[in-house]
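Visitor: Take this structure, written in structure tokens, and hold onto it; I'll ask about it next.
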2 protein chains.
Amino acid sequence: MSFRKLSMEEMGRLEADENRDSEKFPFVFVLDNIRSLSNVGSVFRTADALGAEGICLCGFTGQPPHREIEKTALGATESVNWVHFDSLQDCLIDLRNKGFQLVALEQTTGSTLLQNFIPSGPLAIVLGNEITGVSEEALQMVDAVIEIPQFGMKHSLNVAVSAGIVAWHSVRAWLAKA
Amino acid sequence: MSFRKLSMEEMGRLEADENRDSEKFPFVFVLDNIRSLSNVGSVFRTADALGAEGICLCGFTGQPPHREIEKTALGATESVNWVHFDSLQDCLIDLRNKGFQLVALEQTTGSTLLQNFIPSGPLAIVLGNEITGVSEEALQMVDAVIEIPQFGMKHSLNVAVSAGIVAWHSVRAWLAKA
């Protein structure tokens, strides 16, 4: 078996404008007080690749256009829908009214281990600050807490890597249903 | 339902020395000519969290100890086994001799979409350079190519995010078997 890399044409790369209307999976990322612009950009890139409906940037999370976000977003700020909310609470109320299930990614009592999590309807994945995690305010409002099981010393994962893992876990489930 | 964050004690955080002998999943990351030290550090952190057996750093991929790697590894260079190979080919031969299935993460003809990939035995996940991807040399040697399906404009994912997605996909399968 030999493997040959695909050309951009073969990948069927979509233009940015076209992508805004292309098929999406029913999930959004909610970034609450994310400090690192590099993480924000990386989540944009993942949201583009995995077909997220959009990103909610809450609190002091940085917003495009920003040079530091672009370094890791690599153009995905143009293809992914995003909105800013000063207040996380307003954002979560809005998403709940639109029918999203609110899930926070955190290590808490009563959490659901990711391997046991099956997304049902539209999903809002709430990701918290790199140091302090998902806020208490958010934990009081969400429908569920998802926890990525961890087997090492650090008990922490980069927020952009975590976002990718939970998004893939959900996309995989939706693909299996389709 | 209310959710309360776990204390470090509750998480059962392991000490670095203890972790080197703690239970692992049968996979290693192979980083071939990875340019960004930030990506290298992030893969170390993911390898720690998801219980990788180790990391092979090939070619010009940066090695610990390095300040820029530590910024994103956050101590995981002390808890994760790693080895350096000048030659990727030597690394892959060594892993094959040890019984690892060699899989590259790339977009090629004949690739297996990640949702269809089920790991069997020990797995070596080969990740290539941020710009040029997995080398032709590596593509000629691997047993399979895994492709993360992509639905957006960019047709690319950050290498550390991709590493996390494939590792979680595999760990999830092993957990389901256990």
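Chains: A, B, ... in order of the structure tokens. Residues: from 1 per chain. Ligands: from 1, in order shown.
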Could you pull out the alpha helix (DSSP H) residues of region 23-175 of chain A, going by DSSP on the backbone, and write them as number ranges by chain?
Guide: A: 37-49, 67-73, 76-79, 88-97, 136-141, 159-175
Visitor: Identify, on the basis of only C-alpha atoms, every residue whose closest approach to region 89-103 of chain A does not exceed 7 Å; exclude the query and any residue fewer than 2 positions from it along the same chain; express the result as a ChimeraX atom specification.
Guide: /A:85,87,105,121-126,142-146
Visitor: Since we have the selection now, will you write its residues out, keeping C-alpha atoms, as an mmCIF file, in the first residue's frame?
Guide:
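And here's out_25.cif as it stands now:
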```
data_model
loop_
_atom_site.group_PDB
_atom_site.id
_atom_site.type_symbol
_atom_site.label_atom_id
_atom_site.label_comp_id
_atom_site.auth_asym_id
_atom_site.auth_seq_id
_atom_site.Cartn_x
_atom_site.Cartn_y
_atom_site.Cartn_z
ATOM 1 C CA PHE A 85 -20.753 38.599 25.057
ATOM 2 C CA SER A 87 -21.465 38.449 30.257
ATOM 3 C CA LEU A 105 -15.515 20.909 30.416
ATOM 4 C CA GLY A 121 -29.242 17.854 20.432
ATOM 5 C CA PRO A 122 -27.247 21.004 19.774
ATOM 6 C CA LEU A 123 -24.290 21.322 22.097
ATOM 7 C CA ALA A 124 -22.592 24.331 23.673
ATOM 8 C CA ILE A 125 -19.144 23.363 24.963
ATOM 9 C CA VAL A 126 -18.084 25.776 27.712
ATOM 10 C CA VAL A 142 -24.844 24.193 32.821
ATOM 11 C CA ASP A 143 -26.831 21.025 32.195
ATOM 12 C CA ALA A 144 -23.832 18.743 32.531
ATOM 13 C CA VAL A 145 -20.120 18.725 33.193
ATOM 14 C CA ILE A 146 -17.924 16.612 30.952
#
```
Visitor: Could you name the residues that touch region 5-11 of chain B at 10 Å or less, counting only C-alpha atoms, but leaving out those on the same chain fewer than 5 positions away, as a list in words?
Guide: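 Residues meeting the cut-off are Glu106, Gln107, Thr108, Thr109, Gly110, Ser111, Gly133, Val134, Ser135, Glu136, Leu139, Gln150, Met153, Lys154 and His155 of chain A.
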Visitor: Find the spatial neighbours of Val159 (chain A), counting only C-alpha atoms, within a cut-off of 8 Å - ignore same-chain residues fewer than 4 positions away - and output them as a list in words.
Guide: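 So, after excluding close chain neighbours, the residues are Asn39, Leu127, Gly128, Glu130 and Ala163 of chain A.
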Visitor: Can you write out the residues you just picked, keeping N, CA and C atoms, as a compact mmCIF listing (two decimals), in the first residue's frame?
Guide:
```
# COMPACT_ATOMS: atom_id res chain seq x y z
N ASN A 39 -4.46 30.37 22.18
CA ASN A 39 -5.52 29.38 22.38
C ASN A 39 -6.80 29.76 21.63
N LEU A 127 -15.73 26.32 27.81
CA LEU A 127 -14.33 26.15 28.19
C LEU A 127 -13.89 27.35 29.02
N GLY A 128 -13.26 27.09 30.15
CA GLY A 128 -12.91 28.15 31.08
C GLY A 128 -11.46 28.59 31.01
N GLU A 130 -7.57 29.38 31.59
CA GLU A 130 -6.45 28.43 31.64
C GLU A 130 -6.02 28.11 33.08
N ALA A 163 -10.66 21.28 23.69
CA ALA A 163 -11.75 21.66 22.80
C ALA A 163 -11.80 20.72 21.60
```
Visitor: Restricting the calculation to only C-alpha atoms, which member of B:Phe151, B:Ala178, B:Gly164, B:Val30 is positioned closest to Ala52 (chain A)?
Guide: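 Residue with the minimum atom-to-atom distance to Ala52 (chain A): B:Phe151.
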Visitor: Using only C-alpha atoms, which of the listed residues (A:Glu70, A:Asp32, A:Asp86, A:Glu78) sits closest to chain B?
Guide: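 Counting only C-alpha atoms, the residue closest to chain B is A:Glu78.
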Visitor: Using only C-alpha atoms, find the one residue out of A:Ser156, A:Gln63, A:Thr132, A:Ser162 that sits nearest to Ala49 (chain B).
Guide: A:Ser156
Visitor: In chain A, what's strand (DSSP E or B) per DSSP? Answer as a ChimeraX atom specification?
Guide: /A:5,27-32,54-58,82-85,101-105,108,112-113,123-127,129,133,144-147
Visitor: For the selection you just gave me, I'd like the residues written to a file as a PDB file, in the first residue's frame, keeping C-alpha atoms.
Guide:
```pdb
ATOM      1  CA  LYS A   5      -0.615  13.318  -0.208  1.00  0.00           C
ATOM      2  CA  PHE A  27     -22.162  22.624  18.303  1.00  0.00           C
ATOM      3  CA  VAL A  28     -20.600  25.871  19.423  1.00  0.00           C
ATOM      4  CA  PHE A  29     -17.608  26.610  21.593  1.00  0.00           C
ATOM      5  CA  VAL A  30     -18.079  29.054  24.466  1.00  0.00           C
ATOM      6  CA  LEU A  31     -14.769  30.565  25.565  1.00  0.00           C
ATOM      7  CA  ASP A  32     -15.017  32.219  28.971  1.00  0.00           C
ATOM      8  CA  GLY A  54     -19.732  29.129  15.753  1.00  0.00           C
ATOM      9  CA  ILE A  55     -17.800  30.453  18.719  1.00  0.00           C
ATOM     10  CA  CYS A  56     -18.984  32.647  21.590  1.00  0.00           C
ATOM     11  CA  LEU A  57     -16.204  34.807  23.029  1.00  0.00           C
ATOM     12  CA  CYS A  58     -17.129  35.828  26.573  1.00  0.00           C
ATOM     13  CA  TRP A  82     -18.413  34.282  16.172  1.00  0.00           C
ATOM     14  CA  VAL A  83     -20.079  36.618  18.618  1.00  0.00           C
ATOM     15  CA  HIS A  84     -18.906  38.427  21.734  1.00  0.00           C
ATOM     16  CA  PHE A  85     -20.753  38.599  25.057  1.00  0.00           C
ATOM     17  CA  GLN A 101     -27.508  21.725  25.777  1.00  0.00           C
ATOM     18  CA  LEU A 102     -24.959  23.519  27.957  1.00  0.00           C
ATOM     19  CA  VAL A 103     -21.965  21.388  28.920  1.00  0.00           C
ATOM     20  CA  ALA A 104     -18.882  22.598  30.732  1.00  0.00           C
ATOM     21  CA  LEU A 105     -15.515  20.909  30.416  1.00  0.00           C
ATOM     22  CA  THR A 108     -16.031  18.312  39.262  1.00  0.00           C
ATOM     23  CA  THR A 112     -19.724  12.670  33.197  1.00  0.00           C
ATOM     24  CA  LEU A 113     -16.571  11.021  31.892  1.00  0.00           C
ATOM     25  CA  LEU A 123     -24.290  21.322  22.097  1.00  0.00           C
ATOM     26  CA  ALA A 124     -22.592  24.331  23.673  1.00  0.00           C
ATOM     27  CA  ILE A 125     -19.144  23.363  24.963  1.00  0.00           C
ATOM     28  CA  VAL A 126     -18.084  25.776  27.712  1.00  0.00           C
ATOM     29  CA  LEU A 127     -14.327  26.154  28.194  1.00  0.00           C
ATOM     30  CA  ASN A 129      -9.847  30.163  31.928  1.00  0.00           C
ATOM     31  CA  GLY A 133     -11.064  26.786  34.890  1.00  0.00           C
ATOM     32  CA  ALA A 144     -23.832  18.743  32.531  1.00  0.00           C
ATOM     33  CA  VAL A 145     -20.120  18.725  33.193  1.00  0.00           C
ATOM     34  CA  ILE A 146     -17.924  16.612  30.952  1.00  0.00           C
ATOM     35  CA  GLU A 147     -14.565  15.418  32.209  1.00  0.00           C
TER      36      GLU A 147
END
```
Visitor: Which residue is closest to chain A? Choose from B:Arg4, B:Lys177, B:Lys71, B:Arg35 and count only C-alpha atoms.
Guide: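 The closest residue to chain A is B:Arg4.
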Visitor: Using only C-alpha atoms for the distances, tell me which of B:Ala138, B:Ala47, B:Val161, B:Val166 is nearest to chain A.
Guide: B:Val161
Visitor: Please measure the separation of CA of Glu53 (chain B) and CA of Asn81 (chain B), giving the value in Å to one decimal.
Guide: 6.9 Å
Visitor: Please report the interatomic distance between CA of Thr61 (chain B) and CA of Ile69 (chain A) in Å with one decimal.
Guide: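 Atom-to-atom, CA of Thr61 (chain B) and CA of Ile69 (chain A) are spaced 24.3 Å apart.
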Visitor: Do you know which residues are at most 8 Å from Val40 (chain A) counting only C-alpha atoms, after dropping those on the same chain fewer than 2 positions away, and could you put them as number ranges by chain?
Guide: A: 31, 34, 36-38, 42-44, 61-62, 69, 73, 160
Visitor: Which residue out of A:Leu88, A:Ala176, A:Ile165, A:Ile118 has the minimum interatomic distance to chain B when only C-alpha atoms are used?
Guide: A:Ile165
Visitor: To one decimal place in Å, what is the distance between CA of Gly152 (chain B) and CA of Gln115 (chain B)?
Guide: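 Computing it gives 17.2 Å between the two atoms.
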